[in-house]
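Q: Pasting in a structure now, in structure tokens, and then I'll have a few things to ask.
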Amino acid sequence: MPPSTKPTARICLFGDPRVYVNGSETPGIPPPRFSAAMLLRLAQKPGKPITRDEIADFLWPDEALDATRQRVREYLYQLRKAIPSGKEMVATEGDTIYLSPEFDITVDTLEFDKLLKQAGETANLARKAGLLSQADALYTAPVAPDLDWLMVTGLRTHYADHHLEILRALSQLASEHDFDSAIEYGLRAVTAEPLCEGAQEELIRLYFQAGRPDEARRQYREFENLLRRELNEEPSREITEFVRRIPANGTPHSPVGSLRVAPLPARRAARIYRAVAALSLVVALVAVAASTLRSRPAPPPPSPEERMAMVVRLGKLAVKDETAKEAEPRHREQSEQCIALGEEAFKGWYNKYEDDWISRLAKIDAELQQSLKWLAENDPPKAVQLAGTLTRYWLIHGDMGLQRHWLALVKKAGPETPILVRARALTGLSLTYLFGSKAELREGIRLAGQALNLCREANDPWGQAQALRHMGLFERAIGRDKEALKHYRMALQLYTQAGSESGLALTYQVMTAIPPKRSRGMVTDAQWLGWALSASNLFRKVENPRGSTDAQDLLNGIARTVCASSETIPELRLVEVECRAWLRIEKDHNDLSNQRELWKTLATAGLKLGDKHLMAEALPALCAAKDPRMPVSEYLRPAAQMAGAYQKHRKWNRHPENVPASFKPTFVHRGLSRAEQAHWMANVELGKRMTLEQAVRVAIDF
């Protein structure tokens, strides 16, 4: 076949995103970085069209689409400008954007994936090593290190994990013929992920097999110190025993097995090593370790219900004359299961599973108290850990004050308690002082500040954001709104860095508690409504039932309160977008009460914006969403007036197909007495004489 005459384009996503067209590097993607993020999104599937709304939702997930479409156009222009032939390469068609098939486009991350797949499919070890080496050469740096979108963070982690597995596989392959190369790959693996226990143990064994026992011991000591410092853990018993048996001359006292042993099971895999090896790499590693014993796969962890049953069963095993020593194994196992449940519940707070976890924990509340009591006496660090996971549960149940003594154990916690466990408990403890005296409020600020310092020391953005949000709550309660807003805004930045939509939603929600009238000019109506819109949008995404209810109430209350002005008009237009999104959900739930409140907000927005289409549409919608328990005597007069007004003004309705039967022009209300029918028709005529604005005010009050 003749060579392709298409222009070539190579997109490199390892490191800062960049593009080479026809072999020449183009200028870098210009600031702002949204153009680089747009390129990365398009490069995931070259040639596949992506809608502008999908791009907008990726770049600005916390904002309504109507507010971001103009920005999509701006950053598309900048992206095209940064690439030679960019207008032809980044093509558009209707509402979609795509990388043109008129270019021969290659992407380094996609080539990386292809090489891994080929390595997994070949049984030839030399070819396997060659393919993995090519993939290693492609990975020059983490994917787009300066882009902090959730999808980009996920890609960055995905490729970093696979690259670590490549280094481990190459190390084992090289050990067949070249210990120096094997050790070099092993060193690169532990440098990439120092807490990967499997990689550390493989390197220690490599040093020993290469006749370098002193370096094996040194590597073990460095790993041991790292685990103690970062996780307050010890290396596995197997590798500790292996190193202990290496004498000064480098020969172990007893056989310890050859180099090619299967990687030791990582007891802390869930906390230390995030990677789940791709199938191709599993095949590569298994081929190298074919001569080893194969261990059975670990059974799946118990479900929450299984853990709960175990907790209850262990509590019932207590006997009358049981000594403390006899009871210890039972108490310890029960406490460990409670801690496991608490940690799972902690991951479920603020999302759509929160109510499920509240219900589960309520069923074993007595057992949780038993475990906390036993741990406080026998293992205080674990008591602090369990208490820290339960703060949200106690808050929702109204038990925060009663449970303060468990969280207060953190005040006596020593260095054996992990730093983030202490920080979490301190953040929870601070919350128990939120509704107290001024002295207690100041104590709450102090405790949240301690938690903030610990999270900064551990470089935990989410924990820092939680502590800052709590500090803002206390500052607001004391009356220092300026300081509260400062802490809230810092929390927003950190939640964004951590990719926590629920954290952002909660922060925007509490920010609305500082209204413009109270803020002494620090908060405008537009900002206030904008925060309510952001909280509403985010809570809808995370599907937290409690947050969704609060977010709707906030949106309804604030949107109806703010006045129309040049500053608030854009936000008022977004209110329509947000309310319609909620209406789709509430219609599925058949919740007429919530639908009615949302339509009241839409009708109010229509009045403020002078939007006759929206006002006319609200008339039949509000009538259809009435409470079915409302007596006819209360319903008849306003509904008839709305029907009459709608017959006069229905030309403004953008969605006439949604008009209920009660609003058809020939309607006569069935089931009414003659007097009631006459009353209905008289009010219909009255409605026909109303202006659209007058009718909408009747509908809002109805």
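Ordering of the structure tokens sets the chain letters (A, B, ...); residue numbers start at 1 within each chain; ligands are numbered from 1 in the order shown.
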In range 338-503 of chain A, what's helix (DSSP H, G or I) per DSSP? Answer as a count of residues only?
A: 133
Q: Neighbouring residues of Gln118 in chain A were defined as those with any atom within 8 Å, considering only C-alpha atoms; residues of the same chain fewer than 4 positions away were excluded. Please report them as a list in words.
A: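 That gives Lys114, Thr122, Lys128, Leu131 and Ser280 of chain A.
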Q: Could you dump the residues just selected with all heavy atoms as a PDB file, in the first residue's frame?
A:
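Done, and the output landed in again_25.pdb:
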ATOM      1  N   LYS A 114      -1.721  -0.160  24.300  1.00  0.00           N
ATOM      2  CA  LYS A 114      -1.561  -1.189  23.271  1.00  0.00           C
ATOM      3  C   LYS A 114      -0.361  -2.078  23.564  1.00  0.00           C
ATOM      4  O   LYS A 114      -0.428  -3.312  23.423  1.00  0.00           O
ATOM      5  CB  LYS A 114      -1.413  -0.514  21.903  1.00  0.00           C
ATOM      6  CG  LYS A 114      -1.299  -1.487  20.739  1.00  0.00           C
ATOM      7  CD  LYS A 114      -1.198  -0.728  19.416  1.00  0.00           C
ATOM      8  CE  LYS A 114      -1.049  -1.695  18.247  1.00  0.00           C
ATOM      9  NZ  LYS A 114      -0.926  -0.963  16.957  1.00  0.00           N
ATOM     10  N   THR A 122       1.649 -12.289  24.585  1.00  0.00           N
ATOM     11  CA  THR A 122       2.766 -13.090  24.075  1.00  0.00           C
ATOM     12  C   THR A 122       3.349 -13.967  25.177  1.00  0.00           C
ATOM     13  O   THR A 122       3.435 -13.553  26.340  1.00  0.00           O
ATOM     14  CB  THR A 122       3.870 -12.194  23.488  1.00  0.00           C
ATOM     15  OG1 THR A 122       4.926 -13.021  23.002  1.00  0.00           O
ATOM     16  CG2 THR A 122       4.438 -11.245  24.548  1.00  0.00           C
ATOM     17  N   LYS A 128       8.200 -10.124  25.387  1.00  0.00           N
ATOM     18  CA  LYS A 128       7.458  -9.491  26.471  1.00  0.00           C
ATOM     19  C   LYS A 128       8.280  -8.377  27.098  1.00  0.00           C
ATOM     20  O   LYS A 128       7.799  -7.262  27.338  1.00  0.00           O
ATOM     21  CB  LYS A 128       7.090 -10.544  27.521  1.00  0.00           C
ATOM     22  CG  LYS A 128       6.085 -10.082  28.558  1.00  0.00           C
ATOM     23  CD  LYS A 128       5.860 -11.143  29.615  1.00  0.00           C
ATOM     24  CE  LYS A 128       5.298 -12.402  29.046  1.00  0.00           C
ATOM     25  NZ  LYS A 128       3.911 -12.249  28.578  1.00  0.00           N
ATOM     26  N   LEU A 131       8.476  -5.321  24.751  1.00  0.00           N
ATOM     27  CA  LEU A 131       7.241  -4.529  24.731  1.00  0.00           C
ATOM     28  C   LEU A 131       7.085  -3.707  26.006  1.00  0.00           C
ATOM     29  O   LEU A 131       6.701  -2.530  25.965  1.00  0.00           O
ATOM     30  CB  LEU A 131       6.034  -5.456  24.553  1.00  0.00           C
ATOM     31  CG  LEU A 131       5.927  -6.143  23.183  1.00  0.00           C
ATOM     32  CD1 LEU A 131       4.904  -7.271  23.226  1.00  0.00           C
ATOM     33  CD2 LEU A 131       5.535  -5.124  22.110  1.00  0.00           C
ATOM     34  N   SER A 280      -3.029  -7.748  31.441  1.00  0.00           N
ATOM     35  CA  SER A 280      -1.810  -8.002  30.683  1.00  0.00           C
ATOM     36  C   SER A 280      -0.602  -8.142  31.593  1.00  0.00           C
ATOM     37  O   SER A 280       0.269  -8.984  31.370  1.00  0.00           O
ATOM     38  CB  SER A 280      -1.576  -6.855  29.695  1.00  0.00           C
ATOM     39  OG  SER A 280      -1.483  -5.629  30.392  1.00  0.00           O
TER      40      SER A 280
END
Q: Identify, on the basis of only C-alpha atoms, every residue whose closest approach to Ala448 in chain A does not exceed 8 Å; exclude the query and any residue fewer than 5 positions from it along the same chain; express the result as a PyMOL selection string.
A: chain A and resi 426-427+430+467-468+470-471
Q: Output the selection as a PDB file, in the first residue's frame - N, CA and C atoms for each residue.
A:
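Output file selection.pdb is given in full below:
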ATOM      1  N   LEU A 426     -10.355  14.917  66.184  1.00  0.00           N
ATOM      2  CA  LEU A 426     -10.351  16.310  66.641  1.00  0.00           C
ATOM      3  C   LEU A 426     -11.388  17.141  65.888  1.00  0.00           C
ATOM      4  N   THR A 427     -11.510  16.897  64.586  1.00  0.00           N
ATOM      5  CA  THR A 427     -12.521  17.613  63.798  1.00  0.00           C
ATOM      6  C   THR A 427     -13.917  17.282  64.307  1.00  0.00           C
ATOM      7  N   SER A 430     -14.528  18.883  67.758  1.00  0.00           N
ATOM      8  CA  SER A 430     -14.812  20.323  67.680  1.00  0.00           C
ATOM      9  C   SER A 430     -16.295  20.570  67.465  1.00  0.00           C
ATOM     10  N   ALA A 467     -11.537  20.610  58.354  1.00  0.00           N
ATOM     11  CA  ALA A 467     -11.204  21.410  59.532  1.00  0.00           C
ATOM     12  C   ALA A 467     -11.505  22.893  59.291  1.00  0.00           C
ATOM     13  N   LEU A 468     -11.174  23.379  58.108  1.00  0.00           N
ATOM     14  CA  LEU A 468     -11.432  24.786  57.792  1.00  0.00           C
ATOM     15  C   LEU A 468     -12.924  25.086  57.749  1.00  0.00           C
ATOM     16  N   HIS A 470     -15.212  23.580  59.479  1.00  0.00           N
ATOM     17  CA  HIS A 470     -15.655  23.635  60.872  1.00  0.00           C
ATOM     18  C   HIS A 470     -15.236  24.953  61.529  1.00  0.00           C
ATOM     19  N   MET A 471     -14.024  25.407  61.236  1.00  0.00           N
ATOM     20  CA  MET A 471     -13.589  26.691  61.798  1.00  0.00           C
ATOM     21  C   MET A 471     -14.501  27.823  61.325  1.00  0.00           C
TER      22      MET A 471
END
Q: Just give me the gap between CA of Ala640 in chain A and CA of Val684 in chain A in Å, one decimal is fine.
A: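 Computing the Euclidean distance for CA of Ala640 in chain A and CA of Val684 in chain A yields 4.8 Å.
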Q: Please list as an mmCIF file with C-alpha atoms, in the first residue's frame every residue within 10 Å of range 400-402 of chain A, counting only C-alpha atoms and excluding residues in the same chain fewer than 6 positions away.
A:
data_model
loop_
_atom_site.group_PDB
_atom_site.id
_atom_site.type_symbol
_atom_site.label_atom_id
_atom_site.label_comp_id
_atom_site.auth_asym_id
_atom_site.auth_seq_id
_atom_site.Cartn_x
_atom_site.Cartn_y
_atom_site.Cartn_z
ATOM 1 C CA LEU A 390 -19.108 7.824 63.921
ATOM 2 C CA THR A 391 -19.279 11.637 64.206
ATOM 3 C CA ARG A 392 -21.748 12.037 61.337
ATOM 4 C CA TYR A 393 -23.956 9.233 62.718
ATOM 5 C CA TRP A 394 -24.111 10.881 66.140
ATOM 6 C CA GLY A 428 -15.447 15.591 65.128
ATOM 7 C CA LEU A 429 -14.786 16.671 68.720
ATOM 8 C CA LEU A 431 -18.349 19.908 66.342
ATOM 9 C CA THR A 432 -19.662 18.955 69.792
ATOM 10 C CA TYR A 433 -18.976 22.544 70.927
ATOM 11 C CA PHE A 435 -24.065 25.017 69.980
#
Q: Tell me which of A:Ile478, A:Val542, A:Leu452, A:Ala678 sits closest to Ala439 in chain A, counting only C-alpha atoms.
A: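 Checking each candidate against Ala439 in chain A, we get A:Ile478 as the closest.
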Q: Between A:Pro194, A:Gly547, A:Gly479, A:Pro620, which is the closest to Lys438 in chain A once you count only C-alpha atoms?
A: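 Smallest separation from Lys438 in chain A among the options: A:Gly479.
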Q: Might you pull out every residue within 7 Å of range 329-332 of chain A, with only C-alpha atoms counted and same-chain residues fewer than 2 positions away left off, and present them as a ChimeraX atom specification?
A: /A:314,327,334-336,371
Q: Find, counting only C-alpha atoms, the residue in A:Phe179, A:Ile166, A:Val523, A:Ala174 that gets nearest to Arg212 in chain A.
A: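 The shortest atom-to-atom distance to Arg212 in chain A comes from A:Phe179.
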Q: Just want the 12 Å neighbourhood of Asn556 in chain A, counted on only C-alpha atoms, with same-chain residues fewer than 4 positions away dropped. Output as a list of chain:residue names.
A: A:Leu529, A:Ala532, A:Leu533, A:Ser536, A:Thr549, A:Asp550, A:Ala551, A:Gln552, A:Arg560, A:Thr561, A:Val562, A:Leu572, A:Val575, A:Glu576, A:Glu578, A:Cys579, A:Trp582, A:Asn594, A:Gln595, A:Arg596, A:Glu597, A:Leu598, A:Trp599, A:Lys600, A:Thr601, A:Leu602, A:Ala603, A:Thr604, A:Ala605
Q: Can those selected residues be exported to a file as a compact mmCIF listing (two decimals), in the first residue's frame so that it contains C-alpha atoms?
A:
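Dumped to selection-v6.txt:
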# COMPACT_ATOMS: atom_id res chain seq x y z
CA LEU A 529 -27.76 33.17 45.04
CA ALA A 532 -27.26 28.37 46.64
CA LEU A 533 -27.13 27.34 42.97
CA SER A 536 -28.06 22.65 44.69
CA THR A 549 -33.78 18.47 50.56
CA ASP A 550 -31.73 21.23 52.18
CA ALA A 551 -30.41 22.38 48.80
CA GLN A 552 -33.90 22.71 47.33
CA ARG A 560 -37.50 34.17 45.93
CA THR A 561 -35.74 36.65 48.25
CA VAL A 562 -33.16 38.34 46.00
CA LEU A 572 -31.83 34.19 38.13
CA VAL A 575 -32.42 29.27 38.66
CA GLU A 576 -34.66 28.10 35.82
CA GLU A 578 -31.58 24.25 38.22
CA CYS A 579 -35.29 24.05 39.07
CA TRP A 582 -34.90 19.07 40.13
CA ASN A 594 -41.62 19.54 46.09
CA GLN A 595 -42.78 20.10 42.52
CA ARG A 596 -45.10 22.84 43.75
CA GLU A 597 -42.31 24.65 45.64
CA LEU A 598 -40.01 24.45 42.61
CA TRP A 599 -42.72 25.86 40.32
CA LYS A 600 -43.31 28.70 42.79
CA THR A 601 -39.61 29.51 42.51
CA LEU A 602 -39.78 29.33 38.71
CA ALA A 603 -42.84 31.58 38.67
CA THR A 604 -41.10 34.08 40.95
CA ALA A 605 -38.03 34.05 38.70
Q: Determine, counting only C-alpha atoms, which protein, DNA and RNA residues have an atom within 9 Å of an atom of Leu409 in chain A; residues of the same chain fewer than 6 positions away are not included. Present the result as a PDB file with N, CA, C and O atoms, in the first residue's frame.
A:
ATOM      1  N   ALA A 376     -11.583   1.828  74.856  1.00  0.00           N
ATOM      2  CA  ALA A 376     -11.081   2.934  75.675  1.00  0.00           C
ATOM      3  C   ALA A 376     -10.215   2.417  76.819  1.00  0.00           C
ATOM      4  O   ALA A 376      -9.238   3.060  77.218  1.00  0.00           O
ATOM      5  N   PRO A 380      -6.742   2.380  73.444  1.00  0.00           N
ATOM      6  CA  PRO A 380      -7.244   3.743  73.194  1.00  0.00           C
ATOM      7  C   PRO A 380      -7.079   4.240  71.762  1.00  0.00           C
ATOM      8  O   PRO A 380      -7.988   4.915  71.251  1.00  0.00           O
ATOM      9  N   PRO A 381      -5.949   3.963  71.049  1.00  0.00           N
ATOM     10  CA  PRO A 381      -5.866   4.445  69.662  1.00  0.00           C
ATOM     11  C   PRO A 381      -7.007   3.932  68.784  1.00  0.00           C
ATOM     12  O   PRO A 381      -7.536   4.658  67.943  1.00  0.00           O
ATOM     13  N   ALA A 383      -9.979   3.100  69.903  1.00  0.00           N
ATOM     14  CA  ALA A 383     -11.190   3.788  70.348  1.00  0.00           C
ATOM     15  C   ALA A 383     -11.321   5.137  69.652  1.00  0.00           C
ATOM     16  O   ALA A 383     -12.406   5.543  69.230  1.00  0.00           O
ATOM     17  N   VAL A 384     -10.188   5.851  69.530  1.00  0.00           N
ATOM     18  CA  VAL A 384     -10.188   7.140  68.826  1.00  0.00           C
ATOM     19  C   VAL A 384     -10.568   6.939  67.362  1.00  0.00           C
ATOM     20  O   VAL A 384     -11.341   7.710  66.787  1.00  0.00           O
ATOM     21  N   ALA A 387     -14.414   6.152  67.167  1.00  0.00           N
ATOM     22  CA  ALA A 387     -15.208   7.342  67.472  1.00  0.00           C
ATOM     23  C   ALA A 387     -15.166   8.345  66.330  1.00  0.00           C
ATOM     24  O   ALA A 387     -16.188   8.958  65.977  1.00  0.00           O
ATOM     25  N   ALA A 425     -10.684  12.664  64.539  1.00  0.00           N
ATOM     26  CA  ALA A 425     -11.375  12.721  65.829  1.00  0.00           C
ATOM     27  C   ALA A 425     -11.434  14.154  66.370  1.00  0.00           C
ATOM     28  O   ALA A 425     -12.438  14.572  66.945  1.00  0.00           O
TER      29      ALA A 425
END
